Amino acid sequence: MKKVQFNSNLSPYLFIAPQLVIILIFLYWPIIQTFSDAFTAQDPFGFSKTFVGFDNFELLITDPAYLRSMRFTLIYIFVITLVTGSLGLLLAVQANSVIHGKSVYKTLLIWPYAIAPAVVGVTSNYFFSERLGLLYSLFNDLWGFNWMENVSDAYIYVLIAGSWKQISANFIFFLAGLQNIEKSVIEASLLDCKSSFRRFWTVTFPLLMPTTFFLIIINITYAFFETLGIIDTTTIGAPSGETKTLVYKAYIDGFRGLDLGGAGAQSIIMMIIVLVITIFQFRFIESKVHYN
Amino acid sequence: MALKYSQISAHSILLLGILLILTPIWIIFASSTHDSFTIATKGLQFGIGDNFLNNYQNVLFERSGFSKEITFLSLLFNSLVMAFGIATLTVVTSLLAAYTIVYFKIRLATTYFWLIFSTILVPLEVRIFPSYAIVSALNLTNTYTGLILPLLASSIATFFFRQFYMTIPDELLEAAKIDGVNSWGFFIDFLIPLSKTMITAIFIFMFVYGYNQYLWPILVTSSEEYWTVIMGMKIIRGSFSYIILSIIPPVLVVIFLQRWFVKGLLYSGK
């Protein structure tokens with residue numbers, strides 16, 4: 001908030017109203033509804049609701065399928081964040097250092113950012129189908145790859161599909177971060193440190209920390225939520241639900257299985273995870289950014 | 001000598017990266033120019049075939065769906081309405097909300113602040129069943145409003161605009177006040193021109209986000225009239241040429257506006 005402000009009667013309420021109303025109706029109302037679902041049991045036709053306390057949660061955390069989905073989601077988030085973050089950083093550093101062709105590289109590496117997760121999934125499908133798939137037959141020759149039966153092969157499939165286009169997002173943000181570093185700092189470090197490798201890790205990388213942290217949040221939310229379109233167009237959870245992310249499992253249980261109580265409880269667990277990430281993010285951003 | 005060596009290695013790494021990222025799309029494009037018999041017998045193709053026009057004409061004008069009334073162009077129209085709607089309305093509502101939060105003394109200011117920002121990361125996917133129930137209770141299934149409104153319930157853009165406004169020096173408002181500018185005039189004539197880059201960056205971000213929606217349109221449109229390109233990917237089956245056509249609109253937006261996108265990120269990525 002600013003020190004100098006307007007004192008008006010009506011206009012600020014009119015300005016904030018559109019967003020506030022939309023958020024109340026389409027965010028808070030669903031969230032409250034989710035809580036009411038999570039603590040009740042409903043028959044599949046929606047005729048009756050009974051309060052069941054924490055039963056839905058208890059069913060979840062004692063369900064091996066849910067715990068497997070939780071484990072897969074954590075692995076998925078971790079690997080995608082790590083792989084796409086490091087490849088994005090590597091490419092951004094190179095693109096920032098070349099003298100010729102910078103803008104060509106930039107354009108070529110930026111555009112896959114725009115591809116929808118569902119399109120990524122359908123595309124990956126062609127490469128991993130048993131009949132046409134180039135990667136399927138390559139991996140199959142190497143170690144008998146078969147994602148429909150082998151869990152770790154299925155992980156490899158959805159990890160490659162999930163990482164592919166996210167490299168671009170990391171590249172864009174890291175490049176923006178690198179361009180934001182003051183030239184004089186880099187020039188001063190050139191005098192002090194001969195090794196470009198050491199210079200990167202001791203000078204450039206620490207200066208990129210805010211960008212890195214921001215990207216970690218971006219990658220976590222991507223791998224957590226946006227990959228639903230990828231899972232639904234690739235493995236659909238195969239083999240036997242091993243590659244269902246938490247979001248995908250909640251969707252399948254809620255809509256196909258009509259288990260609104262269970263899905264509500266799953267949503268609340270996800271909201272808690274998201275809440276922890278949000279608090280973490282706010283703390284960090286507020287401590288790192290200094291306003292005038 | 002050392003410089004030359006490092007330049008060569010930088011170029012090689014970049015070329016390798018581009019190869020890794022673009023090869024799949026190239027193969028899909030090359031395969032989209034062959035007839036289905038070639039694909040069925042010889043698999044995915046690396047070279048261009050002679051069926052380009054034929055395949056793309058088919059996808060663009062072929063009628064599909066249960067009613068046989070939808071074409072790729074009708075799906076594309078719906079996708080663009082959704083993407084433009086989400087991008088434009090998000091920018092407008094978020095600019096106004098951030099303006100209020102930063103520049104006005106109002107009652108319950110802290111309450112509004114927390115109401116808006118405490119849910120910054122709660123995506124639609126987490127609240128999707130009740131959202132669907134609400135949209136259908138409001139009779140908004142199979143409407144553009146139903147496709148767009150629930151996706152506006154997000155405060156990420158507001159957060160970035162707020163961050164940006166906070167970096168604008170207080171002297172600007174003081175000077176404007178001395179000149180007798182009112183709050184609406186300050187917003188339109190001072191803040192909007194200053195936020196142009198940021199607005200473009202958020203617009204691109206939300207356009208791509210809106211165009212790429214998958215699950216929400218599947219749930220909220222039972223009538224084919226409102227189907228979008230991306231949800232059609234699974235329902236209609238994404239052939240090679242369908243995939244290529246579907247990625248063109250958001251890719252064009254990102255390529256043509258990339259300069260502003262990256263500049264806008266410079267403010268926000270910190």
# chains A, B, ... in the order shown; residues from 1 in each chain; ligands from 1

$ residues_around --residues "region 29-45 of chain A" --least-positions-apart "6" --cutoff "6 Å" --atoms "only C-alpha atoms" --output "list of chain:residue names"
A:Phe51, A:Val52, A:Gly53, A:Gly261, A:Gly264, A:Ala265, B:Arg127, B:Pro130, B:Ser131

$ closest_atom_pairs --of "region 123-226 of chain B" --to "region 98-101 of chain B" --cutoff "12 Å" --atoms "only C-alpha atoms" --output "tab-separated table"
residue	atom	partner	partner_atom	distance
B:Ser155	CA	B:Ala98	CA	9.5
B:Ile156	CA	B:Ala98	CA	10.7
B:Ala157	CA	B:Ala98	CA	8.9
B:Thr158	CA	B:Ala98	CA	5.4
B:Phe159	CA	B:Ala98	CA	7.3
B:Phe160	CA	B:Ala98	CA	8.6
B:Phe161	CA	B:Ala98	CA	6.0
B:Arg162	CA	B:Ala98	CA	5.0
B:Gln163	CA	B:Ala98	CA	8.8
B:Phe164	CA	B:Ala98	CA	9.5
B:Tyr165	CA	B:Tyr99	CA	7.7
B:Met166	CA	B:Ala98	CA	9.9
B:Ile168	CA	B:Tyr99	CA	11.9
B:Ser183	CA	B:Tyr99	CA	9.8
B:Trp184	CA	B:Tyr99	CA	10.3
B:Phe186	CA	B:Tyr99	CA	10.2
B:Phe187	CA	B:Tyr99	CA	7.7
B:Ile188	CA	B:Tyr99	CA	11.0
B:Phe190	CA	B:Tyr99	CA	11.8
B:Leu191	CA	B:Tyr99	CA	8.8
B:Ile192	CA	B:Tyr99	CA	10.3
B:Ser195	CA	B:Tyr99	CA	11.5

$ write_last_selection --atoms "N, CA and C atoms" --output "PDB file, in the first residue's frame"
ATOM      1  N   SER B 155      -6.068 -14.753  -8.786  1.00  0.00           N
ATOM      2  CA  SER B 155      -5.502 -13.453  -8.447  1.00  0.00           C
ATOM      3  C   SER B 155      -4.035 -13.326  -8.827  1.00  0.00           C
ATOM      4  N   ILE B 156      -3.549 -14.254  -9.653  1.00  0.00           N
ATOM      5  CA  ILE B 156      -2.134 -14.199 -10.018  1.00  0.00           C
ATOM      6  C   ILE B 156      -1.819 -12.895 -10.754  1.00  0.00           C
ATOM      7  N   ALA B 157      -2.694 -12.532 -11.717  1.00  0.00           N
ATOM      8  CA  ALA B 157      -2.461 -11.301 -12.481  1.00  0.00           C
ATOM      9  C   ALA B 157      -2.529 -10.082 -11.558  1.00  0.00           C
ATOM     10  N   THR B 158      -3.506 -10.078 -10.642  1.00  0.00           N
ATOM     11  CA  THR B 158      -3.634  -8.971  -9.690  1.00  0.00           C
ATOM     12  C   THR B 158      -2.351  -8.823  -8.884  1.00  0.00           C
ATOM     13  N   PHE B 159      -1.806  -9.970  -8.494  1.00  0.00           N
ATOM     14  CA  PHE B 159      -0.571  -9.967  -7.726  1.00  0.00           C
ATOM     15  C   PHE B 159       0.564  -9.290  -8.495  1.00  0.00           C
ATOM     16  N   PHE B 160       0.704  -9.627  -9.796  1.00  0.00           N
ATOM     17  CA  PHE B 160       1.775  -9.026 -10.588  1.00  0.00           C
ATOM     18  C   PHE B 160       1.550  -7.530 -10.818  1.00  0.00           C
ATOM     19  N   PHE B 161       0.298  -7.144 -11.068  1.00  0.00           N
ATOM     20  CA  PHE B 161       0.029  -5.716 -11.249  1.00  0.00           C
ATOM     21  C   PHE B 161       0.312  -4.956  -9.946  1.00  0.00           C
ATOM     22  N   ARG B 162      -0.049  -5.568  -8.832  1.00  0.00           N
ATOM     23  CA  ARG B 162       0.225  -4.921  -7.550  1.00  0.00           C
ATOM     24  C   ARG B 162       1.734  -4.726  -7.372  1.00  0.00           C
ATOM     25  N   GLN B 163       2.486  -5.791  -7.640  1.00  0.00           N
ATOM     26  CA  GLN B 163       3.943  -5.706  -7.527  1.00  0.00           C
ATOM     27  C   GLN B 163       4.480  -4.556  -8.376  1.00  0.00           C
ATOM     28  N   PHE B 164       3.925  -4.442  -9.586  1.00  0.00           N
ATOM     29  CA  PHE B 164       4.401  -3.417 -10.499  1.00  0.00           C
ATOM     30  C   PHE B 164       4.037  -2.016  -9.995  1.00  0.00           C
ATOM     31  N   TYR B 165       2.797  -1.843  -9.555  1.00  0.00           N
ATOM     32  CA  TYR B 165       2.380  -0.530  -9.039  1.00  0.00           C
ATOM     33  C   TYR B 165       3.230  -0.107  -7.845  1.00  0.00           C
ATOM     34  N   MET B 166       3.626  -1.073  -7.017  1.00  0.00           N
ATOM     35  CA  MET B 166       4.414  -0.748  -5.834  1.00  0.00           C
ATOM     36  C   MET B 166       5.763  -0.139  -6.207  1.00  0.00           C
ATOM     37  N   ILE B 168       6.193   1.951  -8.672  1.00  0.00           N
ATOM     38  CA  ILE B 168       6.013   3.294  -9.241  1.00  0.00           C
ATOM     39  C   ILE B 168       6.186   4.326  -8.129  1.00  0.00           C
ATOM     40  N   SER B 183      -9.223  10.188  -9.774  1.00  0.00           N
ATOM     41  CA  SER B 183      -8.718   8.809  -9.682  1.00  0.00           C
ATOM     42  C   SER B 183      -8.864   8.056 -11.006  1.00  0.00           C
ATOM     43  N   TRP B 184      -9.959   8.285 -11.721  1.00  0.00           N
ATOM     44  CA  TRP B 184     -10.142   7.597 -12.995  1.00  0.00           C
ATOM     45  C   TRP B 184      -9.128   8.093 -14.023  1.00  0.00           C
ATOM     46  N   PHE B 186      -6.187   9.369 -13.416  1.00  0.00           N
ATOM     47  CA  PHE B 186      -4.853   8.878 -13.066  1.00  0.00           C
ATOM     48  C   PHE B 186      -4.673   7.451 -13.572  1.00  0.00           C
ATOM     49  N   PHE B 187      -5.703   6.645 -13.430  1.00  0.00           N
ATOM     50  CA  PHE B 187      -5.666   5.255 -13.871  1.00  0.00           C
ATOM     51  C   PHE B 187      -5.487   5.153 -15.384  1.00  0.00           C
ATOM     52  N   ILE B 188      -6.352   5.891 -16.113  1.00  0.00           N
ATOM     53  CA  ILE B 188      -6.352   5.796 -17.575  1.00  0.00           C
ATOM     54  C   ILE B 188      -5.128   6.473 -18.198  1.00  0.00           C
ATOM     55  N   PHE B 190      -2.229   7.741 -16.656  1.00  0.00           N
ATOM     56  CA  PHE B 190      -0.896   7.547 -16.085  1.00  0.00           C
ATOM     57  C   PHE B 190      -0.542   6.068 -15.933  1.00  0.00           C
ATOM     58  N   LEU B 191      -1.382   5.337 -15.200  1.00  0.00           N
ATOM     59  CA  LEU B 191      -1.007   3.955 -14.892  1.00  0.00           C
ATOM     60  C   LEU B 191      -1.055   3.018 -16.094  1.00  0.00           C
ATOM     61  N   ILE B 192      -2.127   3.095 -16.883  1.00  0.00           N
ATOM     62  CA  ILE B 192      -2.246   2.166 -18.016  1.00  0.00           C
ATOM     63  C   ILE B 192      -1.091   2.317 -19.002  1.00  0.00           C
ATOM     64  N   SER B 195       1.878   0.678 -17.633  1.00  0.00           N
ATOM     65  CA  SER B 195       1.794  -0.776 -17.453  1.00  0.00           C
ATOM     66  C   SER B 195       1.722  -1.539 -18.767  1.00  0.00           C
TER      67      SER B 195
END

$ residues_around --residues "Val135 (chain B)" --least-positions-apart "3" --cutoff "9 Å" --atoms "only C-alpha atoms" --output "list in words"
Phe26 of chain A; Pro130, Ser131, Tyr132, Leu138, Asn139, Leu140, Thr141, Gly146, Pro150 and Val220 of chain B

$ residues_around --residues "region 230-232 of chain A" --least-positions-apart "2" --cutoff "6 Å" --atoms "only C-alpha atoms" --output "compact mmCIF listing (two decimals) with N, CA and C atoms, in the first residue's frame"
# COMPACT_ATOMS: atom_id res chain seq x y z
N PRO A 117 -0.85 -28.85 -22.72
CA PRO A 117 -0.51 -30.17 -22.17
C PRO A 117 -1.23 -31.32 -22.89
N ALA A 118 -2.49 -31.13 -23.25
CA ALA A 118 -3.22 -32.20 -23.93
C ALA A 118 -2.59 -32.49 -25.30
N GLY A 121 0.47 -34.46 -24.77
CA GLY A 121 0.09 -35.85 -24.50
C GLY A 121 -0.20 -36.62 -25.77
N THR A 227 -0.53 -30.95 -15.62
CA THR A 227 -0.21 -32.19 -16.33
C THR A 227 -1.41 -33.12 -16.44
N LEU A 228 -2.55 -32.75 -15.85
CA LEU A 228 -3.74 -33.58 -15.98
C LEU A 228 -4.04 -33.90 -17.44
N THR A 234 -2.20 -39.77 -22.29
CA THR A 234 -1.11 -40.74 -22.48
C THR A 234 -1.42 -42.07 -21.80
N THR A 235 -1.05 -42.22 -20.54
CA THR A 235 -1.20 -43.53 -19.89
C THR A 235 -2.60 -43.74 -19.31
N ILE A 236 -3.35 -42.66 -19.10
CA ILE A 236 -4.63 -42.71 -18.38
C ILE A 236 -4.43 -43.42 -17.04

$ select_by_dssp --residues "region 149-179 of chain B" --states "alpha helix (DSSP H)" --output "ChimeraX atom specification"
/B:149-152,156-166,170-178

$ closest_residue --among "B:Leu15, B:Val254, B:Ile128, B:Leu215" --to "Ile235 (chain B)" --atoms "only C-alpha atoms"
B:Leu215

$ closest_residue --among "B:Pro217, B:Gly210, B:Pro250, B:Gly49" --to "chain A" --atoms "only C-alpha atoms"
B:Pro250

$ residues_around --residues "region 36-47 of chain B" --least-positions-apart "2" --cutoff "9 Å" --atoms "only C-alpha atoms" --output "list in words"
Tyr126, Phe127, Arg131, Leu132, Gly133 and Leu134 of chain A; Trp26, Ile27, Ile28, Phe29, Ala30, Ser31, Ser32, Thr33, His34 and Gly49 of chain B

$ write_last_selection --atoms "N, CA and C atoms" --output "compact mmCIF listing (two decimals), in the first residue's frame"
# COMPACT_ATOMS: atom_id res chain seq x y z
N TYR A 126 2.06 -40.70 -29.95
CA TYR A 126 2.55 -41.22 -31.22
C TYR A 126 3.96 -41.81 -31.07
N PHE A 127 4.75 -41.22 -30.15
CA PHE A 127 6.12 -41.70 -29.99
C PHE A 127 6.21 -42.90 -29.06
N ARG A 131 2.59 -49.53 -31.72
CA ARG A 131 2.58 -49.79 -33.15
C ARG A 131 3.50 -48.82 -33.92
N LEU A 132 3.34 -47.49 -33.64
CA LEU A 132 4.08 -46.51 -34.42
C LEU A 132 5.32 -45.97 -33.69
N GLY A 133 5.32 -46.10 -32.35
CA GLY A 133 6.22 -45.31 -31.54
C GLY A 133 7.71 -45.55 -31.76
N LEU A 134 8.40 -44.47 -32.17
CA LEU A 134 9.85 -44.54 -32.36
C LEU A 134 10.55 -44.77 -31.04
N TRP B 26 8.70 -31.57 -35.50
CA TRP B 26 9.03 -31.74 -36.92
C TRP B 26 8.48 -33.07 -37.44
N ILE B 27 8.67 -34.14 -36.67
CA ILE B 27 8.21 -35.46 -37.12
C ILE B 27 6.68 -35.47 -37.27
N ILE B 28 5.98 -34.80 -36.31
CA ILE B 28 4.51 -34.74 -36.42
C ILE B 28 4.13 -33.95 -37.69
N PHE B 29 4.86 -32.85 -37.94
CA PHE B 29 4.56 -32.05 -39.13
C PHE B 29 4.84 -32.87 -40.40
N ALA B 30 6.01 -33.50 -40.47
CA ALA B 30 6.36 -34.28 -41.66
C ALA B 30 5.33 -35.39 -41.87
N SER B 31 4.94 -36.05 -40.77
CA SER B 31 3.96 -37.14 -40.89
C SER B 31 2.60 -36.62 -41.35
N SER B 32 2.33 -35.35 -41.04
CA SER B 32 1.02 -34.79 -41.41
C SER B 32 0.91 -34.56 -42.91
N THR B 33 2.03 -34.70 -43.63
CA THR B 33 1.98 -34.47 -45.07
C THR B 33 1.97 -35.79 -45.87
N HIS B 34 1.79 -36.91 -45.14
CA HIS B 34 1.73 -38.20 -45.84
C HIS B 34 0.32 -38.78 -45.75
N GLY B 49 5.93 -35.30 -47.34
CA GLY B 49 5.25 -36.07 -48.36
C GLY B 49 4.44 -35.18 -49.29

$ residues_around --residues "Asp153 (chain A)" --least-positions-apart "6" --cutoff "12 Å" --atoms "only C-alpha atoms" --output "list in words"
Phe128, Leu135, Tyr136, Phe139, Asn140, Trp143, Gly144, Phe145, Asn146, Trp147, Leu159, Ile160, Thr235, Ala238, Pro239, Glu242 and Thr243 of chain A

$ write_last_selection --atoms "C-alpha atoms" --output "tab-separated table (two decimals), in the first residue's frame"
chain	number	residue	atom	x	y	z
A	128	PHE	CA	5.22	-44.18	-27.28
A	135	LEU	CA	10.80	-44.17	-28.72
A	136	TYR	CA	8.77	-47.22	-27.78
A	139	PHE	CA	13.58	-48.33	-25.59
A	140	ASN	CA	12.02	-51.72	-26.17
A	143	TRP	CA	15.71	-52.91	-22.21
A	144	GLY	CA	12.35	-54.41	-23.13
A	145	PHE	CA	10.45	-51.17	-22.45
A	146	ASN	CA	6.72	-51.72	-21.97
A	147	TRP	CA	4.84	-48.93	-20.18
A	159	LEU	CA	8.14	-37.86	-17.21
A	160	ILE	CA	9.45	-37.33	-20.74
A	235	THR	CA	-1.20	-43.53	-19.89
A	238	ALA	CA	-1.70	-47.24	-16.55
A	239	PRO	CA	-0.46	-49.68	-15.40
A	242	GLU	CA	0.34	-46.23	-10.98
A	243	THR	CA	0.71	-43.03	-12.99

$ residues_around --residues "Ile61 (chain A)" --least-positions-apart "5" --cutoff "12 Å" --atoms "only C-alpha atoms" --output "list in words"
Phe54, Asp55, Asn56, Tyr66, Leu67, Arg68, Ser69, Met70, Gly262, Ala265, Gln266 and Ile269 of chain A

$ write_last_selection --atoms "N, CA and C atoms" --output "CSV table (one decimal), in the first residue's frame"
chain,number,residue,atom,x,y,z
A,54,PHE,N,-14.4,-37.2,9.8
A,54,PHE,CA,-13.2,-37.4,9.1
A,54,PHE,C,-13.1,-38.8,8.3
A,55,ASP,N,-14.3,-39.4,8.2
A,55,ASP,CA,-14.3,-40.8,7.6
A,55,ASP,C,-13.7,-40.8,6.2
A,56,ASN,N,-14.0,-39.8,5.4
A,56,ASN,CA,-13.5,-39.7,4.0
A,56,ASN,C,-12.0,-39.6,4.0
A,66,TYR,N,-4.3,-44.6,-3.0
A,66,TYR,CA,-4.1,-43.1,-2.8
A,66,TYR,C,-2.6,-42.8,-2.4
A,67,LEU,N,-2.1,-43.7,-1.6
A,67,LEU,CA,-0.7,-43.4,-1.1
A,67,LEU,C,0.3,-43.6,-2.3
A,68,ARG,N,0.0,-44.6,-3.2
A,68,ARG,CA,0.8,-44.7,-4.4
A,68,ARG,C,0.7,-43.5,-5.3
A,69,SER,N,-0.5,-43.0,-5.4
A,69,SER,CA,-0.7,-41.8,-6.2
A,69,SER,C,0.0,-40.6,-5.6
A,70,MET,N,0.0,-40.5,-4.3
A,70,MET,CA,0.8,-39.5,-3.6
A,70,MET,C,2.3,-39.6,-3.9
A,262,GLY,N,-15.2,-38.5,-1.3
A,262,GLY,CA,-13.8,-38.9,-1.4
A,262,GLY,C,-13.0,-37.8,-2.2
A,265,ALA,N,-12.5,-34.7,-0.1
A,265,ALA,CA,-11.4,-34.9,0.8
A,265,ALA,C,-10.0,-34.8,0.1
A,266,GLN,N,-10.0,-35.4,-1.1
A,266,GLN,CA,-8.7,-35.3,-1.9
A,266,GLN,C,-8.4,-33.8,-2.2
A,269,ILE,N,-6.9,-32.0,0.8
A,269,ILE,CA,-5.5,-32.3,1.0
A,269,ILE,C,-4.7,-31.6,0.0

$ atom_distance --atom1 "CA of Leu27 (chain A)" --atom2 "CA of Ile202 (chain B)"
20.5 Å

$ closest_residue --among "B:Trp114, B:Phe84, B:Tyr211, B:Tyr5" --to "chain A" --atoms "only C-alpha atoms"
B:Tyr211

$ atom_distance --atom1 "CA of Leu76 (chain B)" --atom2 "CA of Phe61 (chain B)"
11.9 Å

$ atom_distance --atom1 "CA of Phe205 (chain A)" --atom2 "CA of Pro112 (chain A)"
25.1 Å

$ closest_residue --among "B:Ala175, B:Val91, B:Ala153, B:Val229" --to "chain A" --atoms "only C-alpha atoms"
B:Ala153

$ closest_residue --among "A:Leu74, A:Ile181, A:Ile172, A:Ile252" --to "chain B" --atoms "only C-alpha atoms"
A:Ile172

$ decode --residues "region 175-196 of chain A" --atoms "C-alpha atoms" --output "JSON list (two decimals), in the first residue's frame"
[["chain", "number", "residue", "atom", "x", "y", "z"],
["A", 175, "LEU", "CA", 16.93, -15.75, -19.79],
["A", 176, "ALA", "CA", 14.86, -12.81, -18.51],
["A", 177, "GLY", "CA", 16.60, -13.18, -15.14],
["A", 178, "LEU", "CA", 20.06, -13.23, -16.74],
["A", 179, "GLN", "CA", 19.32, -10.15, -18.81],
["A", 180, "ASN", "CA", 18.22, -8.42, -15.65],
["A", 181, "ILE", "CA", 21.62, -8.76, -14.00],
["A", 182, "GLU", "CA", 23.58, -5.52, -14.13],
["A", 183, "LYS", "CA", 26.39, -5.53, -16.68],
["A", 184, "SER", "CA", 28.79, -3.85, -14.25],
["A", 185, "VAL", "CA", 28.51, -6.74, -11.78],
["A", 186, "ILE", "CA", 29.43, -9.25, -14.47],
["A", 187, "GLU", "CA", 32.30, -7.05, -15.71],
["A", 188, "ALA", "CA", 33.69, -6.68, -12.20],
["A", 189, "SER", "CA", 33.56, -10.44, -11.71],
["A", 190, "LEU", "CA", 35.48, -10.94, -14.96],
["A", 191, "LEU", "CA", 38.46, -9.20, -13.35],
["A", 192, "ASP", "CA", 38.26, -11.14, -10.10],
["A", 193, "CYS", "CA", 37.69, -14.62, -11.37],
["A", 194, "LYS", "CA", 39.21, -16.22, -14.44],
["A", 195, "SER", "CA", 37.25, -19.47, -14.49],
["A", 196, "SER", "CA", 33.87, -18.93, -16.15]]
